[in-house]
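Participant: The structure is given below, and queries will be raised subsequently.
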Amino acid sequence: MRRIAGIETEFGCLAREPTLSSSEEIVERVKDQAFRSGRWGLIDRHARDAFFEPAEAGGFLINGGRLYIDVVGGHLEYASPECRSLRDLIAYDKAGQRLLVQLLREMEWTERASFHNNNVDHYGGHTFGCHENYSLDPHTHPYGRDLAPLVPFLVTRQIFAGAGRVGGHRLTSDPRRMVRDLSRHRADYAFLDQIYGVEPDSSVAFQLSQRADHILYVASGRVRFSRALINPKWDSFQDASHAPRLHVLFGESNMSEYAAFLKVGTTALVLDAIEEHAVPRDLELAHPIRTLREISRDSTRLWLARLEDGRTIRAVDLQRRYLESTQRFRGRDEETDHLLQAWEDVLNGLEDDPLKLADRLDWVAKYRLLKLYRESEGLHWDDPALHSLDLEYHNINPDQSLYYALEQTGEVQRVIDEEAIDAALYEGPSDTRAHARARVVQALKSLPVKDYLIEWDGITVGAKRALVFDDPFKSYQSQVRRFLQQLQGN
């Protein structure tokens, strides 16, 4: 990719044993397991944010990524290291899942608790995110301006990137349940614009997106009760590195490597086209958020979108316009060519017969599984058994997951191999600043150092030792060697 990208995943947590009092207890214990021995990384000794990331809420890992408890909602969250290759990014995303499975095994808790790479609690009304980050050209996108052409693409990419879900949610004017939740997390009510209630919506049997029912705005600076497609992020380290960051809130947690490859890769290509002023400018949606929900819930699979000028266009055709605008990048490298061909093939398949794409797209694979089970058992779509199977599709433990059962029988296409995932558990990417962060974290684990501060753009040890890596595109190999020599010399 011509840009840095990363994925942040908030995992659903299920207590499978009654003696475990809550998911909050589980995530706290798993987080402690990751950092107590120092095997997997170093815990934060300083608060990174007074509200959202207090001291010892998590830390940076030996692969350059980050594992921590998201105070808002009490989820365990994994942030991948910065990557320039799509295949690297998918490997590091999967490595975060494998780490959680390994931690449960170390605790001998694999039968007591499980983590799920999904985005919705069917009964509680909660949703939790899988967010994408993309570096932007500061000259083309000064502080994120001129991203309006990205919105129609984000609204409609769910036809291949959606994770799928049984049922739906309806937002209501009765916020009592959410008010009870607010009392437990001061980070919520300190940054609150509005609150609302959520209740199950039985009018929809199955839909493409897990999060479409919960998105309220195109862009918003708030993340819980003002969820948006895009959340502006102008952090100090991004300003210092002159690389503004696009934070995409509306995304799905993909179990399918192929779907994740398409999701991130096509978004990066569209950003390339926007920066070269080559993206379509006549696709502005009349009602982006309404269209988001309508496409997700459209059981006819026509997936129509109404444009600002009154025209109606199918989501497949809208995506083809973006595909056409990115054909200019064909021949740039092997990964781009593979991505463009995969995008074209999937759009053709969606127009021909979406159910033939069960080997590539999450929503199709899940729909096929659930449809077969529902018909064999004579169940309605709102039967609790289908909600349970929906959840187990996203179980990240290969020994328990419905998705991994498909993978083990060769029914899904893969993008990476197990060796790449194993390597991503222990080493950082070689071509970004995550390499420097990973090397220093690995070294500090073996040194008698307690006073350290680790950040995305630098590391400080004591009062006098600092290593700054403000350019996310550099690996800082020589600077890391000198820094570690100085530390070891002390």
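Here's how to read the names in the structure tokens: chain A, B, ... by the order shown, residue numbers from 1 in each chain, ligand numbers from 1 in the order shown.
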Hey, what's within 8 Å of segment 291-308 of chain A if we count only C-alpha atoms and toss same-chain stuff fewer than 5 positions away? As a count of residues only, please?
Facilitator: 19
Participant: List the spatial neighbours of segment 36-38 of chain A as a ChimeraX atom specification - criterion: any atom at most 12 Å away, only C-alpha atoms, same-chain residues fewer than 2 positions off excluded.
Facilitator: /A:28-34,40-44,56,58-62,103,106,441-447
Participant: At a cut-off of 9 Å, using only C-alpha atoms, what residues contact Arg87 of chain A? Leave out same-chain residues fewer than 3 positions from it and give the result as a tab-separated table (two decimals) with N, CA and C atoms, in the first residue's frame.
Facilitator:
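Final output, around-v3.tsv:
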chain	number	residue	atom	x	y	z
A	83	CYS	N	0.99	-1.34	9.30
A	83	CYS	CA	1.40	-2.22	8.20
A	83	CYS	C	1.33	-1.47	6.88
A	84	ARG	N	2.18	-1.88	5.94
A	84	ARG	CA	2.14	-1.34	4.58
A	84	ARG	C	1.67	-2.38	3.58
A	90	ILE	N	-3.42	-8.50	7.55
A	90	ILE	CA	-4.30	-9.61	7.88
A	90	ILE	C	-3.60	-10.59	8.82
A	91	ALA	N	-2.31	-10.84	8.58
A	91	ALA	CA	-1.55	-11.74	9.46
A	91	ALA	C	-1.50	-11.19	10.88
A	92	TYR	N	-1.27	-9.88	11.02
A	92	TYR	CA	-1.19	-9.30	12.37
A	92	TYR	C	-2.56	-9.22	13.03
A	261	PHE	N	-9.26	-8.76	3.26
A	261	PHE	CA	-8.38	-8.31	2.18
A	261	PHE	C	-9.11	-7.32	1.28
A	335	GLU	N	0.29	-7.23	-5.43
A	335	GLU	CA	-0.81	-7.19	-4.48
A	335	GLU	C	-1.96	-6.34	-5.00
A	415	VAL	N	-5.92	-16.05	2.30
A	415	VAL	CA	-5.02	-15.06	1.73
A	415	VAL	C	-3.61	-15.23	2.28
A	416	ILE	N	-3.51	-15.72	3.51
A	416	ILE	CA	-2.22	-15.93	4.18
A	416	ILE	C	-2.16	-17.37	4.68
A	420	ALA	N	2.69	-17.32	8.47
A	420	ALA	CA	2.66	-15.86	8.54
A	420	ALA	C	2.01	-15.39	9.84
Participant: Between A:Tyr134, A:Phe250, A:Tyr68, A:Phe483, which has the minimum distance to Leu89 of chain A (counting only C-alpha atoms)?
Facilitator: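 Distance minimum relative to Leu89 of chain A lands on A:Tyr134.
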Participant: Could you tell me which of A:Ser85, A:Gln102, A:Ser220, A:Ser80 comes closest to His131 of chain A if we count only C-alpha atoms?
Facilitator: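 The answer is A:Ser80, which sits nearest to His131 of chain A.
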Participant: Pull the strand (DSSP E) assignments for segment 254-348 of chain A out of DSSP run on the backbone, and list those residues as a list in words.
Facilitator: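 The strand (DSSP E) subset of segment 254-348 of chain A is Leu304, Ala305, Arg306, Thr312, Ile313 and Arg314 of chain A.
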Participant: Could you save the residues just selected, with C-alpha atoms, as an mmCIF file, in the first residue's frame?
Facilitator:
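Contents of the output file again_9.cif:
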data_model
loop_
_atom_site.group_PDB
_atom_site.id
_atom_site.type_symbol
_atom_site.label_atom_id
_atom_site.label_comp_id
_atom_site.auth_asym_id
_atom_site.auth_seq_id
_atom_site.Cartn_x
_atom_site.Cartn_y
_atom_site.Cartn_z
ATOM 1 C CA LEU A 304 -30.586 0.236 -4.288
ATOM 2 C CA ALA A 305 -29.195 3.633 -3.312
ATOM 3 C CA ARG A 306 -30.796 7.006 -4.087
ATOM 4 C CA THR A 312 -31.214 5.449 -8.238
ATOM 5 C CA ILE A 313 -28.223 3.118 -8.560
ATOM 6 C CA ARG A 314 -27.542 -0.420 -7.430
#
